[in-house]
Amino acid sequence: MNHKTDVEAVDAFNLKYNELKKEISKVIVGQDEVIKDVLISIFSKGHCLLVGVPGLAKTLLINTISDVLGLSYNRIQFTPDLMPSDIIGTEILDENRQFKFVKGPLFANIILADEINRTPPKTQAALLEAMQERAVTTAGKRYELGNPFFVLATQNPIEQEGTYPLPEAQLDRFMFNVMLDYPKYDEEIRVVKNTTSDYKVQLTKILTTDEIIYFQELVRRVPITDNVLEYAVSLARKTRPESSEASEKVSNYLSWGAGPRASQFLAIGAKCNAILNGKYAPDIEDVKSVAPAILRHRVVRNYKAEAEGISVDSIIKSLIN
């Protein structure tokens with residue numbers, strides 16, 4: 001990657017992003033916002049939680065993204081009997097009676113943690129430690145995970161029987177919480193047409209691993225003005241019911257607000273959003289664009305909000321506007 005200036009690099013990134021979108025749309029119909037959010041979290045070195053009912057192509061989406069990014073990919077189906085060693089790996093005795101570490105499915109660039117709320121806290125914790133440290137420790141030895149390393153977890157919002165919801169502190173590890181919706185009528189027609197015929201797609205790899213790492217570093221170098229940074233931090237602070245910046249609505253309806261990690265993600269997410277839109281620095285609109293997906297899993301409604309049917313998203317919307 002030999003771009004003379006960061007401005008040139010941003011232009012190159014923009015072209016690559018448009019190619020990525022075009023390639024992904026060969027398989028995934030619609031879902032533009034979701035694709036954009038997933039790509040922003042990859043290039044911001046974050047992780048992403050996808051929430052949607054079964055059958056909305058969450059797994060297909062991740063599969064397709066890992067194909068066009070040329071990254072190694074593993075899918076882990078989370079079940080109530082899954083143990084930490086099932087995902088991290090385990091020590092076995094080899095033919096020379098020496099202990100040898102056999103790597104688990106966590107050793108890949110993109111991990112799809114399917115139905116993360118189906119597995120007990122012990123296994124969830126093993127995954128979340130790996131997300132934070134980008135390494136695992138077993139039998140006293142530390143093993144680095146792939147670079148880039150990106151976890152995309154899915155959660156099914158309707159069946160809550162036999163699930164272990166992620167605690168707030170663990171949800172905080174995810175940069176984005178992205179809600180998937182049903183496709184529009186004409187999109188669903190196209191989906192059914194494509195998937196019930198002999199239509200086959202050859203996907204082209206758009207980016208190499210080195211290019212992805214280069215663009216992740218580029219996002220961090222994007223300059224951000226003080227007023228945009230201050231807007232991002234004060235937006236996160238406004239969600240805290242006990243803070244002096246909290247609005248009446250927040251004080252009435254929230255029992256808990258977003259921590260400093262939200263401020264960090266708002267700043268880095270705004271930088272990435274800006275360069276994907278062809279700008280060289282983020283403005284307040286970029287912060288507003290990434291805010292709902294960054295804040296919605298970091299604030300907790302109180303009983304009053306639940307009783308009156310006030311949603312988290314409506315509270316966030318009122319803060320942004």
# chains A, B, ... in the order shown; residues from 1 in each chain; ligands from 1
call {"tool": "select_by_dssp", "arguments": {"residues": "range 164-238 of chain A", "states": "helix (DSSP H, G or I)", "output": "ChimeraX atom specification"}}
result
/A:168-171,185-195,209-221,226-237
call {"tool": "select_by_dssp", "arguments": {"residues": "range 77-197 of chain A", "states": "strand (DSSP E or B)", "output": "PyMOL selection string"}}
result
chain A and resi 77+89-93+99-103+110-114+135-138+141-144+150-155+176-179
call {"tool": "residues_around", "arguments": {"residues": "Gly269 in chain A", "least_positions_apart": "4", "cutoff": "8 Å", "atoms": "only C-alpha atoms", "output": "list in words"}}
result
Ile40, Ser41, Ser44, Phe265, Asn273, Asp286, Val287 and Val290 of chain A
call {"tool": "write_last_selection", "arguments": {"atoms": "N, CA and C atoms", "output": "mmCIF file, in the first residue's frame"}}
result
data_model
loop_
_atom_site.group_PDB
_atom_site.id
_atom_site.type_symbol
_atom_site.label_atom_id
_atom_site.label_comp_id
_atom_site.auth_asym_id
_atom_site.auth_seq_id
_atom_site.Cartn_x
_atom_site.Cartn_y
_atom_site.Cartn_z
ATOM 1 N N ILE A 40 -18.092 -0.925 9.069
ATOM 2 C CA ILE A 40 -17.526 0.120 9.947
ATOM 3 C C ILE A 40 -16.897 -0.535 11.172
ATOM 4 N N SER A 41 -17.586 -1.532 11.758
ATOM 5 C CA SER A 41 -16.994 -2.126 12.963
ATOM 6 C C SER A 41 -15.731 -2.925 12.647
ATOM 7 N N SER A 44 -13.010 -0.376 12.198
ATOM 8 C CA SER A 44 -12.740 0.365 13.442
ATOM 9 C C SER A 44 -12.150 -0.549 14.512
ATOM 10 N N PHE A 265 -16.024 4.751 21.027
ATOM 11 C CA PHE A 265 -16.605 4.167 19.817
ATOM 12 C C PHE A 265 -17.318 5.216 18.959
ATOM 13 N N ASN A 273 -17.133 6.336 9.419
ATOM 14 C CA ASN A 273 -18.324 6.707 8.653
ATOM 15 C C ASN A 273 -18.012 7.849 7.690
ATOM 16 N N ASP A 286 -21.842 12.635 11.260
ATOM 17 C CA ASP A 286 -21.241 11.286 11.299
ATOM 18 C C ASP A 286 -21.424 10.643 12.676
ATOM 19 N N VAL A 287 -21.307 11.464 13.729
ATOM 20 C CA VAL A 287 -21.518 10.948 15.090
ATOM 21 C C VAL A 287 -22.974 10.496 15.223
ATOM 22 N N VAL A 290 -23.787 7.034 13.576
ATOM 23 C CA VAL A 290 -23.385 5.768 14.238
ATOM 24 C C VAL A 290 -23.941 5.636 15.658
#
call {"tool": "closest_residue", "arguments": {"among": "A:Ile76, A:Ile62, A:Ala291, A:Met179", "to": "Val27 in chain A", "atoms": "only C-alpha atoms"}}
result
A:Ile62
call {"tool": "atom_distance", "arguments": {"atom1": "CA of Asp11 in chain A", "atom2": "CA of Ile35 in chain A"}}
result
19.9 Å
call {"tool": "residues_around", "arguments": {"residues": "Thr59 in chain A", "least_positions_apart": "3", "cutoff": "8 Å", "atoms": "only C-alpha atoms", "output": "list of chain:residue names"}}
result
A:Ile62, A:Asn63, A:Leu112, A:Asp114
call {"tool": "write_last_selection", "arguments": {"atoms": "N, CA and C atoms", "output": "mmCIF file, in the first residue's frame"}}
result
data_model
loop_
_atom_site.group_PDB
_atom_site.id
_atom_site.type_symbol
_atom_site.label_atom_id
_atom_site.label_comp_id
_atom_site.auth_asym_id
_atom_site.auth_seq_id
_atom_site.Cartn_x
_atom_site.Cartn_y
_atom_site.Cartn_z
ATOM 1 N N ILE A 62 -22.492 -12.722 6.928
ATOM 2 C CA ILE A 62 -21.123 -12.808 7.455
ATOM 3 C C ILE A 62 -20.246 -13.647 6.541
ATOM 4 N N ASN A 63 -20.811 -14.751 6.073
ATOM 5 C CA ASN A 63 -20.116 -15.606 5.116
ATOM 6 C C ASN A 63 -19.650 -14.828 3.904
ATOM 7 N N LEU A 112 -18.091 -16.039 13.604
ATOM 8 C CA LEU A 112 -19.526 -15.831 13.759
ATOM 9 C C LEU A 112 -19.963 -16.630 14.984
ATOM 10 N N ASP A 114 -22.846 -17.739 16.651
ATOM 11 C CA ASP A 114 -24.273 -17.830 16.365
ATOM 12 C C ASP A 114 -25.078 -18.109 17.629
#
call {"tool": "closest_residue", "arguments": {"among": "A:Glu248, A:Asp81, A:Glu285, A:Glu115", "to": "Ile315 in chain A", "atoms": "only C-alpha atoms"}}
result
A:Glu248
call {"tool": "closest_residue", "arguments": {"among": "A:Pro148, A:Gly259, A:Pro292, A:Pro54", "to": "Ala169 in chain A", "atoms": "only C-alpha atoms"}}
result
A:Gly259
call {"tool": "closest_residue", "arguments": {"among": "A:Ile42, A:Leu61, A:Leu71, A:Val228", "to": "Met175 in chain A", "atoms": "only C-alpha atoms"}}
result
A:Ile42
call {"tool": "residues_around", "arguments": {"residues": "Leu254 in chain A", "least_positions_apart": "2", "cutoff": "6 Å", "atoms": "only C-alpha atoms", "output": "list in words"}}
result
Val250, Trp256, Val300, Arg301 and Asn302 of chain A
call {"tool": "atom_distance", "arguments": {"atom1": "CA of Pro183 in chain A", "atom2": "CA of Asp37 in chain A"}}
result
16.9 Å
call {"tool": "closest_residue", "arguments": {"among": "A:Leu235, A:Ile275, A:Ile284, A:Val51", "to": "Val219 in chain A", "atoms": "only C-alpha atoms"}}
result
A:Ile275
call {"tool": "residues_around", "arguments": {"residues": "Ala232 in chain A", "least_positions_apart": "5", "cutoff": "12 Å", "atoms": "only C-alpha atoms", "output": "PyMOL selection string"}}
result
chain A and resi 224-227+237-239+258+260-271+282-291+294-295+319-320
call {"tool": "write_last_selection", "arguments": {"atoms": "N, CA and C atoms", "output": "short mmCIF file (atom, residue, chain, number, x, y, z; two decimals), in the first residue's frame"}}
result
data_model
loop_
_atom_site.label_atom_id
_atom_site.label_comp_id
_atom_site.auth_asym_id
_atom_site.auth_seq_id
_atom_site.Cartn_x
_atom_site.Cartn_y
_atom_site.Cartn_z
N ILE A 224 -9.89 14.62 13.91
CA ILE A 224 -11.25 14.94 14.37
C ILE A 224 -11.18 16.28 15.11
N THR A 225 -12.06 17.19 14.78
CA THR A 225 -12.01 18.53 15.39
C THR A 225 -12.54 18.46 16.82
N ASP A 226 -12.13 19.45 17.63
CA ASP A 226 -12.54 19.45 19.04
C ASP A 226 -14.06 19.47 19.19
N ASN A 227 -14.75 20.26 18.35
CA ASN A 227 -16.20 20.38 18.56
C ASN A 227 -16.93 19.05 18.28
N ARG A 237 -22.43 11.23 27.62
CA ARG A 237 -22.68 11.68 28.99
C ARG A 237 -24.16 11.98 29.24
N LYS A 238 -24.86 12.42 28.20
CA LYS A 238 -26.29 12.75 28.33
C LYS A 238 -27.15 11.53 28.63
N THR A 239 -26.59 10.31 28.41
CA THR A 239 -27.38 9.11 28.66
C THR A 239 -27.32 8.69 30.13
N ALA A 258 -24.50 5.09 29.27
CA ALA A 258 -23.34 4.55 28.56
C ALA A 258 -22.04 5.03 29.22
N PRO A 260 -17.55 5.35 29.28
CA PRO A 260 -16.56 6.01 28.41
C PRO A 260 -16.26 5.23 27.13
N ARG A 261 -16.47 3.90 27.15
CA ARG A 261 -16.21 3.12 25.93
C ARG A 261 -17.12 3.60 24.80
N ALA A 262 -18.34 4.05 25.17
CA ALA A 262 -19.27 4.57 24.16
C ALA A 262 -18.69 5.81 23.50
N SER A 263 -18.07 6.69 24.32
CA SER A 263 -17.47 7.91 23.76
C SER A 263 -16.36 7.56 22.77
N GLN A 264 -15.54 6.57 23.14
CA GLN A 264 -14.45 6.15 22.25
C GLN A 264 -15.01 5.62 20.93
N PHE A 265 -16.02 4.75 21.03
CA PHE A 265 -16.61 4.17 19.82
C PHE A 265 -17.32 5.22 18.96
N LEU A 266 -17.94 6.22 19.60
CA LEU A 266 -18.61 7.28 18.83
C LEU A 266 -17.59 8.05 17.99
N ALA A 267 -16.41 8.30 18.60
CA ALA A 267 -15.37 9.05 17.89
C ALA A 267 -14.80 8.23 16.74
N ILE A 268 -14.44 6.96 17.01
CA ILE A 268 -13.80 6.14 15.97
C ILE A 268 -14.83 5.76 14.89
N GLY A 269 -16.07 5.51 15.32
CA GLY A 269 -17.13 5.18 14.36
C GLY A 269 -17.43 6.34 13.43
N ALA A 270 -17.40 7.56 13.99
CA ALA A 270 -17.65 8.76 13.18
C ALA A 270 -16.53 8.95 12.15
N LYS A 271 -15.28 8.67 12.57
CA LYS A 271 -14.14 8.78 11.64
C LYS A 271 -14.33 7.83 10.46
N PRO A 282 -14.51 13.71 10.21
CA PRO A 282 -15.92 13.57 10.58
C PRO A 282 -16.55 14.88 11.04
N ASP A 283 -17.86 15.00 10.84
CA ASP A 283 -18.60 16.12 11.42
C ASP A 283 -19.66 15.55 12.36
N ILE A 284 -20.49 16.41 12.92
CA ILE A 284 -21.48 15.97 13.92
C ILE A 284 -22.46 14.98 13.31
N GLU A 285 -22.77 15.15 12.01
CA GLU A 285 -23.70 14.22 11.34
C GLU A 285 -23.16 12.78 11.37
N ASP A 286 -21.84 12.64 11.26
CA ASP A 286 -21.24 11.29 11.30
C ASP A 286 -21.42 10.64 12.68
N VAL A 287 -21.31 11.46 13.73
CA VAL A 287 -21.52 10.95 15.09
C VAL A 287 -22.97 10.50 15.22
N LYS A 288 -23.89 11.35 14.73
CA LYS A 288 -25.33 11.02 14.83
C LYS A 288 -25.65 9.74 14.06
N SER A 289 -24.95 9.54 12.95
CA SER A 289 -25.22 8.38 12.11
C SER A 289 -24.89 7.06 12.81
N VAL A 290 -23.79 7.03 13.58
CA VAL A 290 -23.39 5.77 14.24
C VAL A 290 -23.94 5.64 15.66
N ALA A 291 -24.51 6.74 16.19
CA ALA A 291 -24.91 6.75 17.61
C ALA A 291 -25.94 5.69 18.00
N ILE A 294 -24.44 2.29 18.57
CA ILE A 294 -23.42 2.28 19.63
C ILE A 294 -24.05 2.42 21.01
N LEU A 295 -25.14 3.17 21.10
CA LEU A 295 -25.72 3.46 22.42
C LEU A 295 -26.80 2.49 22.86
N LEU A 319 -32.25 12.33 22.21
CA LEU A 319 -30.95 12.93 22.58
C LEU A 319 -30.22 13.43 21.34
N ILE A 320 -30.30 12.65 20.24
CA ILE A 320 -29.59 13.01 19.00
C ILE A 320 -30.22 14.27 18.39
#
call {"tool": "closest_residue", "arguments": {"among": "A:Ala293, A:Cys48, A:Gly278, A:Pro80", "to": "Val151 in chain A", "atoms": "only C-alpha atoms"}}
result
A:Cys48
call {"tool": "residues_around", "arguments": {"residues": "Asn147 in chain A", "least_positions_apart": "6", "cutoff": "9 Å", "atoms": "only C-alpha atoms", "output": "PyMOL selection string"}}
result
chain A and resi 108-109+134+209+213
call {"tool": "atom_distance", "arguments": {"atom1": "CA of Asn177 in chain A", "atom2": "CA of Thr195 in chain A"}}
result
27.7 Å
